[in-house]
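Just protein_20.csv here, CSV, N, CA and C atoms:
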```csv
chain,number,residue,atom,x,y,z
Q,2,GLN,N,49.7,8.6,27.2
Q,2,GLN,CA,48.8,9.7,27.1
Q,2,GLN,C,47.7,9.5,28.2
Q,3,VAL,N,47.1,10.6,28.5
Q,3,VAL,CA,46.0,10.6,29.4
Q,3,VAL,C,44.7,10.2,28.7
Q,4,GLN,N,43.8,9.4,29.4
Q,4,GLN,CA,42.5,9.1,28.8
Q,4,GLN,C,41.5,10.0,29.4
Q,5,LEU,N,40.6,10.4,28.5
Q,5,LEU,CA,39.5,11.4,29.0
Q,5,LEU,C,38.1,10.8,28.7
Q,6,VAL,N,37.3,11.0,29.7
Q,6,VAL,CA,35.9,10.6,29.5
Q,6,VAL,C,34.9,11.7,29.9
Q,7,GLU,N,34.1,12.1,29.0
Q,7,GLU,CA,33.2,13.2,29.3
Q,7,GLU,C,31.8,12.6,29.7
Q,8,SER,N,31.1,13.4,30.5
Q,8,SER,CA,29.7,13.0,30.9
Q,8,SER,C,29.0,14.3,31.2
Q,9,GLY,N,27.7,14.1,31.4
Q,9,GLY,CA,26.9,15.3,31.9
Q,9,GLY,C,26.0,15.9,30.8
Q,10,GLY,N,26.2,15.5,29.5
Q,10,GLY,CA,25.4,16.0,28.5
Q,10,GLY,C,23.9,15.5,28.6
Q,11,GLY,N,23.1,16.1,27.7
Q,11,GLY,CA,21.7,15.7,27.7
Q,11,GLY,C,20.8,16.7,27.0
Q,12,LEU,N,19.5,16.6,27.2
Q,12,LEU,CA,18.5,17.5,26.6
Q,12,LEU,C,18.0,18.5,27.6
Q,13,VAL,N,18.0,19.7,27.3
Q,13,VAL,CA,17.6,20.8,28.2
Q,13,VAL,C,16.9,21.9,27.4
Q,14,GLN,N,16.0,22.6,28.1
Q,14,GLN,CA,15.3,23.7,27.4
Q,14,GLN,C,16.1,24.9,27.4
Q,15,ALA,N,15.9,25.8,26.5
Q,15,ALA,CA,16.6,27.1,26.4
Q,15,ALA,C,16.4,27.8,27.7
Q,16,GLY,N,17.6,28.3,28.2
Q,16,GLY,CA,17.6,29.0,29.5
Q,16,GLY,C,18.0,28.1,30.6
Q,17,GLY,N,18.1,26.8,30.4
Q,17,GLY,CA,18.5,25.9,31.4
Q,17,GLY,C,20.0,25.8,31.6
Q,18,SER,N,20.4,24.8,32.4
Q,18,SER,CA,21.8,24.6,32.8
Q,18,SER,C,22.2,23.2,32.7
Q,19,LEU,N,23.4,23.0,32.4
Q,19,LEU,CA,24.0,21.6,32.5
Q,19,LEU,C,25.5,21.8,33.0
Q,20,ARG,N,26.0,20.7,33.6
Q,20,ARG,CA,27.4,20.7,34.0
Q,20,ARG,C,28.0,19.5,33.4
Q,21,LEU,N,29.0,19.7,32.6
Q,21,LEU,CA,29.8,18.7,31.9
Q,21,LEU,C,31.0,18.3,32.8
Q,22,LEU,N,31.3,17.1,32.8
Q,22,LEU,CA,32.5,16.6,33.5
Q,22,LEU,C,33.4,15.9,32.6
Q,23,CYS,N,34.7,16.0,32.8
Q,23,CYS,CA,35.7,15.3,32.1
Q,23,CYS,C,36.7,14.7,33.1
Q,24,VAL,N,36.6,13.4,33.2
Q,24,VAL,CA,37.4,12.6,34.1
Q,24,VAL,C,38.6,12.0,33.4
Q,25,ALA,N,39.8,12.3,34.0
Q,25,ALA,CA,41.0,11.8,33.4
Q,25,ALA,C,41.5,10.5,34.1
Q,26,SER,N,42.2,9.7,33.4
Q,26,SER,CA,42.8,8.5,33.9
Q,26,SER,C,44.1,8.2,33.2
Q,27,GLY,N,45.0,7.5,33.8
Q,27,GLY,CA,46.2,7.1,33.2
Q,27,GLY,C,47.4,8.1,33.5
Q,28,ARG,N,47.1,9.3,33.8
Q,28,ARG,CA,48.1,10.3,34.1
Q,28,ARG,C,47.5,11.3,35.1
Q,29,THR,N,48.3,12.0,35.8
Q,29,THR,CA,47.9,13.0,36.7
Q,29,THR,C,47.4,14.3,36.0
Q,30,LEU,N,46.2,14.7,36.2
Q,30,LEU,CA,45.6,15.8,35.4
Q,30,LEU,C,46.3,17.1,35.7
Q,31,SER,N,46.9,17.2,36.8
Q,31,SER,CA,47.5,18.5,37.2
Q,31,SER,C,48.7,18.9,36.3
Q,32,THR,N,49.2,18.0,35.5
Q,32,THR,CA,50.3,18.4,34.6
Q,32,THR,C,49.8,18.7,33.2
Q,33,TYR,N,48.5,18.9,33.1
Q,33,TYR,CA,47.9,19.2,31.8
Q,33,TYR,C,47.1,20.5,31.8
Q,34,ALA,N,47.3,21.2,30.7
Q,34,ALA,CA,46.3,22.3,30.4
Q,34,ALA,C,45.1,21.6,29.7
Q,35,MET,N,43.9,22.2,30.0
Q,35,MET,CA,42.7,21.5,29.5
Q,35,MET,C,41.9,22.4,28.7
Q,36,GLY,N,41.0,21.9,27.9
Q,36,GLY,CA,40.1,22.7,27.0
Q,36,GLY,C,38.8,21.9,26.8
Q,37,TRP,N,37.8,22.7,26.4
Q,37,TRP,CA,36.6,22.2,25.9
Q,37,TRP,C,36.3,22.7,24.5
Q,38,PHE,N,35.9,21.9,23.6
Q,38,PHE,CA,35.5,22.2,22.3
Q,38,PHE,C,34.2,21.7,22.0
Q,39,ARG,N,33.5,22.1,20.9
Q,39,ARG,CA,32.3,21.6,20.5
Q,39,ARG,C,32.2,21.5,19.0
Q,40,GLN,N,31.3,20.6,18.6
Q,40,GLN,CA,31.1,20.5,17.1
Q,40,GLN,C,29.7,20.1,16.9
Q,41,ALA,N,29.0,21.0,16.1
Q,41,ALA,CA,27.7,20.8,15.7
Q,41,ALA,C,27.7,20.1,14.3
Q,42,PRO,N,26.6,19.4,14.0
Q,42,PRO,CA,26.5,18.7,12.7
Q,42,PRO,C,26.8,19.7,11.5
Q,43,GLY,N,27.7,19.3,10.6
Q,43,GLY,CA,28.0,20.1,9.4
Q,43,GLY,C,28.9,21.2,9.7
Q,44,LYS,N,29.4,21.4,10.9
Q,44,LYS,CA,30.3,22.5,11.3
Q,44,LYS,C,31.6,22.0,11.8
Q,45,GLU,N,32.6,22.9,11.7
Q,45,GLU,CA,33.9,22.5,12.3
Q,45,GLU,C,33.9,22.6,13.8
Q,46,ARG,N,34.9,21.8,14.4
Q,46,ARG,CA,35.0,21.9,15.8
Q,46,ARG,C,35.5,23.3,16.2
Q,47,GLU,N,34.9,23.8,17.3
Q,47,GLU,CA,35.2,25.2,17.7
Q,47,GLU,C,35.6,25.2,19.2
Q,48,PHE,N,36.4,26.1,19.5
Q,48,PHE,CA,36.9,26.3,20.9
Q,48,PHE,C,35.7,26.9,21.7
Q,49,VAL,N,35.6,26.4,22.9
Q,49,VAL,CA,34.7,26.8,23.9
Q,49,VAL,C,35.3,27.5,25.1
Q,50,ALA,N,36.2,26.7,25.8
Q,50,ALA,CA,36.9,27.3,27.0
Q,50,ALA,C,38.2,26.5,27.2
Q,51,ALA,N,39.1,27.2,27.9
Q,51,ALA,CA,40.4,26.6,28.3
Q,51,ALA,C,40.8,27.0,29.7
Q,52,ILE,N,41.5,26.2,30.3
Q,52,ILE,CA,42.0,26.4,31.7
Q,52,ILE,C,43.5,26.0,31.8
Q,53,SER,N,44.3,26.8,32.4
Q,53,SER,CA,45.7,26.4,32.5
Q,53,SER,C,45.9,25.3,33.5
Q,54,ARG,N,47.0,24.6,33.5
Q,54,ARG,CA,47.3,23.5,34.4
Q,54,ARG,C,47.2,23.9,35.9
Q,55,SER,N,47.5,25.2,36.1
Q,55,SER,CA,47.5,25.7,37.5
Q,55,SER,C,46.0,26.0,37.9
Q,56,GLY,N,45.2,26.2,36.9
Q,56,GLY,CA,43.8,26.7,37.2
Q,56,GLY,C,43.7,28.2,37.3
Q,57,ALA,N,44.8,28.9,37.3
Q,57,ALA,CA,44.7,30.3,37.6
Q,57,ALA,C,44.2,31.1,36.4
Q,58,GLY,N,44.4,30.5,35.2
Q,58,GLY,CA,44.0,31.2,34.0
Q,58,GLY,C,42.9,30.5,33.2
Q,59,THR,N,41.9,31.3,32.7
Q,59,THR,CA,40.8,30.7,31.9
Q,59,THR,C,40.6,31.6,30.7
Q,60,ARG,N,40.0,31.0,29.7
Q,60,ARG,CA,39.7,31.8,28.5
Q,60,ARG,C,38.4,31.2,27.9
Q,61,TYR,N,37.6,32.1,27.3
Q,61,TYR,CA,36.3,31.6,26.7
Q,61,TYR,C,36.1,32.2,25.3
Q,62,ALA,N,35.4,31.4,24.6
Q,62,ALA,CA,34.9,31.9,23.3
Q,62,ALA,C,33.9,33.0,23.6
Q,63,ASP,N,33.9,34.0,22.7
Q,63,ASP,CA,33.0,35.2,22.9
Q,63,ASP,C,31.5,34.7,23.0
Q,64,SER,N,31.2,33.6,22.3
Q,64,SER,CA,29.8,33.2,22.2
Q,64,SER,C,29.3,32.6,23.5
Q,65,VAL,N,30.2,32.2,24.4
Q,65,VAL,CA,29.8,31.6,25.7
Q,65,VAL,C,30.3,32.4,26.9
Q,66,LYS,N,31.0,33.5,26.7
Q,66,LYS,CA,31.5,34.3,27.8
Q,66,LYS,C,30.3,34.8,28.6
Q,67,GLY,N,30.5,34.7,29.9
Q,67,GLY,CA,29.4,35.2,30.8
Q,67,GLY,C,28.4,34.1,31.1
Q,68,ARG,N,28.4,33.0,30.3
Q,68,ARG,CA,27.4,32.0,30.5
Q,68,ARG,C,28.0,30.7,31.0
Q,69,PHE,N,29.2,30.4,30.5
Q,69,PHE,CA,29.9,29.1,30.8
Q,69,PHE,C,31.1,29.4,31.7
Q,70,THR,N,31.4,28.4,32.5
Q,70,THR,CA,32.5,28.5,33.4
Q,70,THR,C,33.3,27.2,33.4
Q,71,ILE,N,34.6,27.3,33.1
Q,71,ILE,CA,35.4,26.1,33.2
Q,71,ILE,C,36.2,26.1,34.5
Q,72,SER,N,36.3,24.9,35.1
Q,72,SER,CA,37.0,24.8,36.4
Q,72,SER,C,37.7,23.4,36.4
Q,73,ARG,N,38.5,23.2,37.4
Q,73,ARG,CA,39.2,21.9,37.5
Q,73,ARG,C,39.4,21.6,39.0
Q,74,ASP,N,39.4,20.3,39.3
Q,74,ASP,CA,39.7,19.8,40.6
Q,74,ASP,C,40.8,18.7,40.4
Q,75,ASN,N,42.0,19.1,40.5
Q,75,ASN,CA,43.1,18.2,40.2
Q,75,ASN,C,43.1,17.0,41.2
Q,76,ALA,N,42.7,17.2,42.4
Q,76,ALA,CA,42.6,16.1,43.3
Q,76,ALA,C,41.7,15.0,42.8
Q,77,LYS,N,40.7,15.4,42.1
Q,77,LYS,CA,39.7,14.4,41.6
Q,77,LYS,C,40.0,14.1,40.1
Q,78,ASN,N,41.0,14.6,39.6
Q,78,ASN,CA,41.4,14.4,38.1
Q,78,ASN,C,40.2,14.8,37.2
Q,79,THR,N,39.5,15.8,37.5
Q,79,THR,CA,38.3,16.2,36.8
Q,79,THR,C,38.3,17.7,36.4
Q,80,VAL,N,37.8,17.9,35.2
Q,80,VAL,CA,37.6,19.3,34.7
Q,80,VAL,C,36.1,19.4,34.5
Q,81,TYR,N,35.6,20.6,34.8
Q,81,TYR,CA,34.1,20.8,34.6
Q,81,TYR,C,33.9,22.0,33.6
Q,82,LEU,N,32.7,21.9,33.1
Q,82,LEU,CA,32.2,23.0,32.3
Q,82,LEU,C,30.7,23.3,32.7
Q,83,GLN,N,30.6,24.3,33.5
Q,83,GLN,CA,29.2,24.7,33.9
Q,83,GLN,C,28.6,25.6,32.8
Q,84,MET,N,27.5,25.2,32.3
Q,84,MET,CA,26.8,25.9,31.2
Q,84,MET,C,25.5,26.4,31.7
Q,85,ASN,N,25.3,27.7,31.8
Q,85,ASN,CA,24.1,28.4,32.2
Q,85,ASN,C,23.5,29.1,31.0
Q,86,SER,N,22.2,29.5,31.1
Q,86,SER,CA,21.5,30.3,30.1
Q,86,SER,C,21.7,29.7,28.7
Q,87,LEU,N,21.5,28.4,28.6
Q,87,LEU,CA,21.8,27.7,27.4
Q,87,LEU,C,20.8,28.1,26.3
Q,88,LYS,N,21.4,28.2,25.1
Q,88,LYS,CA,20.6,28.6,23.9
Q,88,LYS,C,20.6,27.4,22.9
Q,89,PRO,N,19.6,27.4,22.0
Q,89,PRO,CA,19.6,26.4,20.9
Q,89,PRO,C,20.9,26.3,20.1
Q,90,GLU,N,21.6,27.4,19.9
Q,90,GLU,CA,22.8,27.4,19.2
Q,90,GLU,C,24.0,26.8,19.9
Q,91,ASP,N,23.8,26.4,21.2
Q,91,ASP,CA,24.8,25.7,22.0
Q,91,ASP,C,24.7,24.2,21.7
Q,92,THR,N,23.7,23.8,21.0
Q,92,THR,CA,23.6,22.3,20.7
Q,92,THR,C,24.8,21.8,19.9
Q,93,ALA,N,25.4,20.8,20.4
Q,93,ALA,CA,26.6,20.3,19.8
Q,93,ALA,C,27.1,19.1,20.6
Q,94,ALA,N,28.1,18.3,20.0
Q,94,ALA,CA,28.8,17.4,20.8
Q,94,ALA,C,30.0,18.1,21.4
Q,95,TYR,N,30.2,18.0,22.7
Q,95,TYR,CA,31.2,18.7,23.5
Q,95,TYR,C,32.3,17.7,23.8
Q,96,TYR,N,33.6,18.2,23.5
Q,96,TYR,CA,34.7,17.4,23.7
Q,96,TYR,C,35.7,18.0,24.7
Q,97,CYS,N,36.3,17.2,25.5
Q,97,CYS,CA,37.3,17.6,26.5
Q,97,CYS,C,38.7,17.3,25.8
Q,98,SER,N,39.6,18.1,26.1
Q,98,SER,CA,41.0,17.9,25.5
Q,98,SER,C,42.0,18.2,26.5
Q,99,ALA,N,43.2,17.7,26.3
Q,99,ALA,CA,44.3,17.8,27.3
Q,99,ALA,C,45.6,18.0,26.5
Q,100,ARG,N,46.5,18.8,27.1
Q,100,ARG,CA,47.9,19.0,26.6
Q,100,ARG,C,48.8,19.0,27.7
Q,101,ALA,N,49.8,18.1,27.7
Q,101,ALA,CA,50.8,18.1,28.7
Q,101,ALA,C,51.6,19.4,28.7
Q,102,THR,N,51.8,20.0,29.9
Q,102,THR,CA,52.4,21.3,29.9
Q,102,THR,C,53.5,21.3,31.0
Q,103,PRO,N,54.7,21.7,30.7
Q,103,PRO,CA,55.7,21.8,31.7
Q,103,PRO,C,55.4,22.8,32.8
Q,104,THR,N,55.9,22.6,34.0
Q,104,THR,CA,55.7,23.4,35.1
Q,104,THR,C,56.0,24.9,34.8
Q,105,LEU,N,57.1,25.1,34.0
Q,105,LEU,CA,57.5,26.4,33.7
Q,105,LEU,C,56.4,27.2,33.0
Q,106,TYR,N,55.5,26.5,32.3
Q,106,TYR,CA,54.5,27.1,31.5
Q,106,TYR,C,53.1,26.8,32.1
Q,107,SER,N,53.0,26.7,33.4
Q,107,SER,CA,51.8,26.3,34.0
Q,107,SER,C,50.6,27.3,33.8
Q,108,GLY,N,51.0,28.5,33.5
Q,108,GLY,CA,49.9,29.5,33.3
Q,108,GLY,C,49.4,29.6,31.8
Q,109,ILE,N,50.0,28.8,30.9
Q,109,ILE,CA,49.7,29.0,29.5
Q,109,ILE,C,48.3,28.3,29.2
Q,110,LEU,N,47.6,28.9,28.3
Q,110,LEU,CA,46.3,28.4,27.8
Q,110,LEU,C,46.5,28.0,26.3
Q,111,TYR,N,45.7,27.1,25.9
Q,111,TYR,CA,45.7,26.7,24.5
Q,111,TYR,C,44.3,26.8,23.9
Q,112,VAL,N,44.1,27.5,22.8
Q,112,VAL,CA,42.7,27.7,22.3
Q,112,VAL,C,42.5,27.1,20.9
Q,113,SER,N,43.6,26.5,20.3
Q,113,SER,CA,43.4,25.8,19.0
Q,113,SER,C,43.4,24.3,19.2
Q,114,SER,N,42.5,23.7,18.5
Q,114,SER,CA,42.4,22.2,18.6
Q,114,SER,C,43.6,21.5,18.3
Q,115,TYR,N,44.4,22.0,17.4
Q,115,TYR,CA,45.6,21.3,17.0
Q,115,TYR,C,46.7,21.3,18.0
Q,116,GLU,N,46.6,22.2,19.0
Q,116,GLU,CA,47.5,22.2,20.1
Q,116,GLU,C,47.3,21.2,21.2
Q,117,TYR,N,46.2,20.5,21.1
Q,117,TYR,CA,45.9,19.5,22.1
Q,117,TYR,C,46.3,18.1,21.7
Q,118,GLU,N,46.7,17.2,22.6
Q,118,GLU,CA,47.2,15.9,22.3
Q,118,GLU,C,46.2,14.8,22.5
Q,119,SER,N,45.3,15.0,23.5
Q,119,SER,CA,44.4,13.9,23.9
Q,119,SER,C,43.0,14.5,23.9
Q,120,TRP,N,42.1,13.6,23.5
Q,120,TRP,CA,40.7,13.9,23.3
Q,120,TRP,C,39.8,12.9,23.9
Q,121,GLY,N,38.6,13.3,24.5
Q,121,GLY,CA,37.6,12.3,24.9
Q,121,GLY,C,36.7,12.0,23.7
Q,122,GLN,N,35.7,11.2,24.0
Q,122,GLN,CA,34.8,10.7,23.0
Q,122,GLN,C,33.6,11.6,22.7
Q,123,GLY,N,33.4,12.6,23.6
Q,123,GLY,CA,32.4,13.6,23.4
Q,123,GLY,C,31.1,13.2,24.2
Q,124,THR,N,30.4,14.3,24.5
Q,124,THR,CA,29.1,14.1,25.1
Q,124,THR,C,28.1,15.1,24.4
Q,125,GLN,N,26.9,14.6,24.1
Q,125,GLN,CA,26.0,15.4,23.3
Q,125,GLN,C,25.2,16.4,24.2
Q,126,VAL,N,25.1,17.6,23.8
Q,126,VAL,CA,24.2,18.6,24.5
Q,126,VAL,C,23.2,19.1,23.4
Q,127,THR,N,21.9,19.0,23.8
Q,127,THR,CA,20.9,19.4,22.9
Q,127,THR,C,20.0,20.4,23.7
Q,128,VAL,N,19.9,21.6,23.1
Q,128,VAL,CA,19.1,22.7,23.7
Q,128,VAL,C,17.8,22.9,22.9
Q,129,SER,N,16.7,22.7,23.4
Q,129,SER,CA,15.4,22.9,22.7
Q,129,SER,C,14.9,24.3,22.9
Q,130,SER,N,14.3,24.8,21.9
Q,130,SER,CA,13.7,26.2,22.0
Q,130,SER,C,12.3,26.2,22.6
```
I'd like the structure from this file rewritten - as structure tokens, please.
Amino acid sequence: QVQLVESGGGLVQAGGSLRLLCVASGRTLSTYAMGWFRQAPGKEREFVAAISRSGAGTRYADSVKGRFTISRDNAKNTVYLQMNSLKPEDTAAYYCSARATPTLYSGILYVSSYEYESWGQGTQVTVSS
């Protein structure tokens, strides 16, 4: 399995921006569909964004649409989550996830956590009001 390490979290004021990184090792990231999820204290893990292995397809949770952007650089084995116009309700631990995807399905996205095989350890994002 691929190993994932997230970074880029921190404390930011409402309206600010952060860019999260997810660096993969052990396998070539280009063969994986990727996702970002988040989990706030006392709440279930929720979908944030997904990107197909080709990078051509993306999908977002309604709560972040227009503010967050997921992207990938397969040459760097890295997936990004650019977060703008952050709100206090975005406060959570953010997790990167990966699912091996055959070439035939390179355009497929996955939005459910149970569909992913590998997870990072998470990075904390705290947005103050």
### Message
From the options Q:Ala76, Q:Ala51, Q:Ile71, Q:Ala41, which residue's atoms come nearest to Tyr111 (chain Q), counting only C-alpha atoms?
### Response
Q:Ala51
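All residues of protein, DNA or RNA that reach within 8 Å of region 24-28 of chain Q, judged by all atoms listed in the file and not counting those fewer than 2 positions away in the chain, are Q:Gln2, Q:Val3, Q:Gln4, Q:Leu5, Q:Val6, Q:Glu7, Q:Ser8, Q:Leu21, Q:Leu22, Q:Leu30, Q:Ser31, Q:Thr32, Q:Tyr33, Q:Lys77, Q:Asn78, Q:Thr79, Q:Val80, Q:Tyr81, Q:Cys97.
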For the residues in that selection, give me N, CA and C atoms as an mmCIF file, in the frame of the given file.
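And here's selection17.cif as it stands now:
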```
data_model
loop_
_atom_site.group_PDB
_atom_site.id
_atom_site.type_symbol
_atom_site.label_atom_id
_atom_site.label_comp_id
_atom_site.auth_asym_id
_atom_site.auth_seq_id
_atom_site.Cartn_x
_atom_site.Cartn_y
_atom_site.Cartn_z
ATOM 1 N N GLN Q 2 49.700 8.600 27.200
ATOM 2 C CA GLN Q 2 48.800 9.700 27.100
ATOM 3 C C GLN Q 2 47.700 9.500 28.200
ATOM 4 N N VAL Q 3 47.100 10.600 28.500
ATOM 5 C CA VAL Q 3 46.000 10.600 29.400
ATOM 6 C C VAL Q 3 44.700 10.200 28.700
ATOM 7 N N GLN Q 4 43.800 9.400 29.400
ATOM 8 C CA GLN Q 4 42.500 9.100 28.800
ATOM 9 C C GLN Q 4 41.500 10.000 29.400
ATOM 10 N N LEU Q 5 40.600 10.400 28.500
ATOM 11 C CA LEU Q 5 39.500 11.400 29.000
ATOM 12 C C LEU Q 5 38.100 10.800 28.700
ATOM 13 N N VAL Q 6 37.300 11.000 29.700
ATOM 14 C CA VAL Q 6 35.900 10.600 29.500
ATOM 15 C C VAL Q 6 34.900 11.700 29.900
ATOM 16 N N GLU Q 7 34.100 12.100 29.000
ATOM 17 C CA GLU Q 7 33.200 13.200 29.300
ATOM 18 C C GLU Q 7 31.800 12.600 29.700
ATOM 19 N N SER Q 8 31.100 13.400 30.500
ATOM 20 C CA SER Q 8 29.700 13.000 30.900
ATOM 21 C C SER Q 8 29.000 14.300 31.200
ATOM 22 N N LEU Q 21 29.000 19.700 32.600
ATOM 23 C CA LEU Q 21 29.800 18.700 31.900
ATOM 24 C C LEU Q 21 31.000 18.300 32.800
ATOM 25 N N LEU Q 22 31.300 17.100 32.800
ATOM 26 C CA LEU Q 22 32.500 16.600 33.500
ATOM 27 C C LEU Q 22 33.400 15.900 32.600
ATOM 28 N N LEU Q 30 46.200 14.700 36.200
ATOM 29 C CA LEU Q 30 45.600 15.800 35.400
ATOM 30 C C LEU Q 30 46.300 17.100 35.700
ATOM 31 N N SER Q 31 46.900 17.200 36.800
ATOM 32 C CA SER Q 31 47.500 18.500 37.200
ATOM 33 C C SER Q 31 48.700 18.900 36.300
ATOM 34 N N THR Q 32 49.200 18.000 35.500
ATOM 35 C CA THR Q 32 50.300 18.400 34.600
ATOM 36 C C THR Q 32 49.800 18.700 33.200
ATOM 37 N N TYR Q 33 48.500 18.900 33.100
ATOM 38 C CA TYR Q 33 47.900 19.200 31.800
ATOM 39 C C TYR Q 33 47.100 20.500 31.800
ATOM 40 N N LYS Q 77 40.700 15.400 42.100
ATOM 41 C CA LYS Q 77 39.700 14.400 41.600
ATOM 42 C C LYS Q 77 40.000 14.100 40.100
ATOM 43 N N ASN Q 78 41.000 14.600 39.600
ATOM 44 C CA ASN Q 78 41.400 14.400 38.100
ATOM 45 C C ASN Q 78 40.200 14.800 37.200
ATOM 46 N N THR Q 79 39.500 15.800 37.500
ATOM 47 C CA THR Q 79 38.300 16.200 36.800
ATOM 48 C C THR Q 79 38.300 17.700 36.400
ATOM 49 N N VAL Q 80 37.800 17.900 35.200
ATOM 50 C CA VAL Q 80 37.600 19.300 34.700
ATOM 51 C C VAL Q 80 36.100 19.400 34.500
ATOM 52 N N TYR Q 81 35.600 20.600 34.800
ATOM 53 C CA TYR Q 81 34.100 20.800 34.600
ATOM 54 C C TYR Q 81 33.900 22.000 33.600
ATOM 55 N N CYS Q 97 36.300 17.200 25.500
ATOM 56 C CA CYS Q 97 37.300 17.600 26.500
ATOM 57 C C CYS Q 97 38.700 17.300 25.800
#
```
Which residues are close to Ala34 (chain Q), i.e. within 7 Å by only N, CA and C atoms, leaving aside same-chain residues fewer than 3 positions away? Reply as a PDB file with N, CA and C atoms, in the frame of the given file.
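File produced: around.pdb:
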```
ATOM      1  N   LEU Q  30      46.200  14.700  36.200  1.00  0.00           N
ATOM      2  CA  LEU Q  30      45.600  15.800  35.400  1.00  0.00           C
ATOM      3  C   LEU Q  30      46.300  17.100  35.700  1.00  0.00           C
ATOM      4  N   SER Q  31      46.900  17.200  36.800  1.00  0.00           N
ATOM      5  CA  SER Q  31      47.500  18.500  37.200  1.00  0.00           C
ATOM      6  C   SER Q  31      48.700  18.900  36.300  1.00  0.00           C
ATOM      7  N   ALA Q  51      39.100  27.200  27.900  1.00  0.00           N
ATOM      8  CA  ALA Q  51      40.400  26.600  28.300  1.00  0.00           C
ATOM      9  C   ALA Q  51      40.800  27.000  29.700  1.00  0.00           C
ATOM     10  N   ILE Q  52      41.500  26.200  30.300  1.00  0.00           N
ATOM     11  CA  ILE Q  52      42.000  26.400  31.700  1.00  0.00           C
ATOM     12  C   ILE Q  52      43.500  26.000  31.800  1.00  0.00           C
ATOM     13  N   SER Q  53      44.300  26.800  32.400  1.00  0.00           N
ATOM     14  CA  SER Q  53      45.700  26.400  32.500  1.00  0.00           C
ATOM     15  C   SER Q  53      45.900  25.300  33.500  1.00  0.00           C
ATOM     16  N   ARG Q  54      47.000  24.600  33.500  1.00  0.00           N
ATOM     17  CA  ARG Q  54      47.300  23.500  34.400  1.00  0.00           C
ATOM     18  C   ARG Q  54      47.200  23.900  35.900  1.00  0.00           C
ATOM     19  N   SER Q  55      47.500  25.200  36.100  1.00  0.00           N
ATOM     20  CA  SER Q  55      47.500  25.700  37.500  1.00  0.00           C
ATOM     21  C   SER Q  55      46.000  26.000  37.900  1.00  0.00           C
ATOM     22  N   SER Q  98      39.600  18.100  26.100  1.00  0.00           N
ATOM     23  CA  SER Q  98      41.000  17.900  25.500  1.00  0.00           C
ATOM     24  C   SER Q  98      42.000  18.200  26.500  1.00  0.00           C
ATOM     25  N   ALA Q  99      43.200  17.700  26.300  1.00  0.00           N
ATOM     26  CA  ALA Q  99      44.300  17.800  27.300  1.00  0.00           C
ATOM     27  C   ALA Q  99      45.600  18.000  26.500  1.00  0.00           C
ATOM     28  N   ARG Q 100      46.500  18.800  27.100  1.00  0.00           N
ATOM     29  CA  ARG Q 100      47.900  19.000  26.600  1.00  0.00           C
ATOM     30  C   ARG Q 100      48.800  19.000  27.700  1.00  0.00           C
ATOM     31  N   ALA Q 101      49.800  18.100  27.700  1.00  0.00           N
ATOM     32  CA  ALA Q 101      50.800  18.100  28.700  1.00  0.00           C
ATOM     33  C   ALA Q 101      51.600  19.400  28.700  1.00  0.00           C
ATOM     34  N   THR Q 102      51.800  20.000  29.900  1.00  0.00           N
ATOM     35  CA  THR Q 102      52.400  21.300  29.900  1.00  0.00           C
ATOM     36  C   THR Q 102      53.500  21.300  31.000  1.00  0.00           C
ATOM     37  N   ILE Q 109      50.000  28.800  30.900  1.00  0.00           N
ATOM     38  CA  ILE Q 109      49.700  29.000  29.500  1.00  0.00           C
ATOM     39  C   ILE Q 109      48.300  28.300  29.200  1.00  0.00           C
ATOM     40  N   LEU Q 110      47.600  28.900  28.300  1.00  0.00           N
ATOM     41  CA  LEU Q 110      46.300  28.400  27.800  1.00  0.00           C
ATOM     42  C   LEU Q 110      46.500  28.000  26.300  1.00  0.00           C
ATOM     43  N   TYR Q 111      45.700  27.100  25.900  1.00  0.00           N
ATOM     44  CA  TYR Q 111      45.700  26.700  24.500  1.00  0.00           C
ATOM     45  C   TYR Q 111      44.300  26.800  23.900  1.00  0.00           C
TER      46      TYR Q 111
END
```
### Task
Using DSSP on the backbone, list every residue of chain Q that comes out as strand (DSSP E), and give them as a ChimeraX atom specification.
/Q:4-8,11-14,19-26,33-40,47-52,59-61,69-74,79-84,93-101,119-120,124-129
### Query
Residues at most 5 Å from Ala50 (chain Q), counting only N, CA and C atoms, excluding those fewer than 2 positions away in the same chain, as a ChimeraX atom specification?
/Q:36-37,48,52,60-62
Contact check, region 25-100 of chain Q to region 15-20 of chain Q, at most 7 Å, counting all atoms listed in the file, closest pairs as JSON lines:
```
{"residue": "Q:Tyr81", "atom": "CA", "partner": "Q:Arg20", "partner_atom": "C", "distance": 6.4}
{"residue": "Q:Leu82", "atom": "C", "partner": "Q:Arg20", "partner_atom": "CA", "distance": 4.4}
{"residue": "Q:Gln83", "atom": "CA", "partner": "Q:Arg20", "partner_atom": "CA", "distance": 4.4}
{"residue": "Q:Met84", "atom": "N", "partner": "Q:Leu19", "partner_atom": "C", "distance": 4.0}
{"residue": "Q:Asn85", "atom": "CA", "partner": "Q:Ser18", "partner_atom": "CA", "distance": 4.5}
{"residue": "Q:Ser86", "atom": "CA", "partner": "Q:Gly16", "partner_atom": "CA", "distance": 4.2}
{"residue": "Q:Leu87", "atom": "C", "partner": "Q:Gly16", "partner_atom": "N", "distance": 3.7}
{"residue": "Q:Lys88", "atom": "N", "partner": "Q:Gly16", "partner_atom": "N", "distance": 4.9}
{"residue": "Q:Pro89", "atom": "N", "partner": "Q:Ala15", "partner_atom": "CA", "distance": 5.3}
```
### Task
Pick out the residues sitting within 5 Å of Tyr95 (chain Q), and hand them over as a VMD selection string; count all atoms listed in the file, and ignore anything fewer than 4 positions along from it in its own chain.
chain Q and resid 38 to 40 123 to 125
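Near Leu12 (chain Q), within 7 Å and counting only C-alpha atoms, sit Val126, Thr127 and Val128 of chain Q, not including residues fewer than 4 positions from it in the same chain.
Of the listed residues (Q:Arg73, Q:Glu47, Q:Tyr96, Q:Ser129), Q:Glu47 comes nearest to Ser113 (chain Q); the distances count only N, CA and C atoms.
Taking the backbone of this structure through DSSP, the residues of chain Q that come out as helix (DSSP H, G or I) are Q:Leu30, Q:Ser31, Q:Thr32, Q:Asn75, Q:Ala76, Q:Lys77, Q:Pro89, Q:Glu90, Q:Asp91, Q:Thr104, Q:Leu105, Q:Tyr106, Q:Ser114, Q:Tyr115, Q:Glu116.
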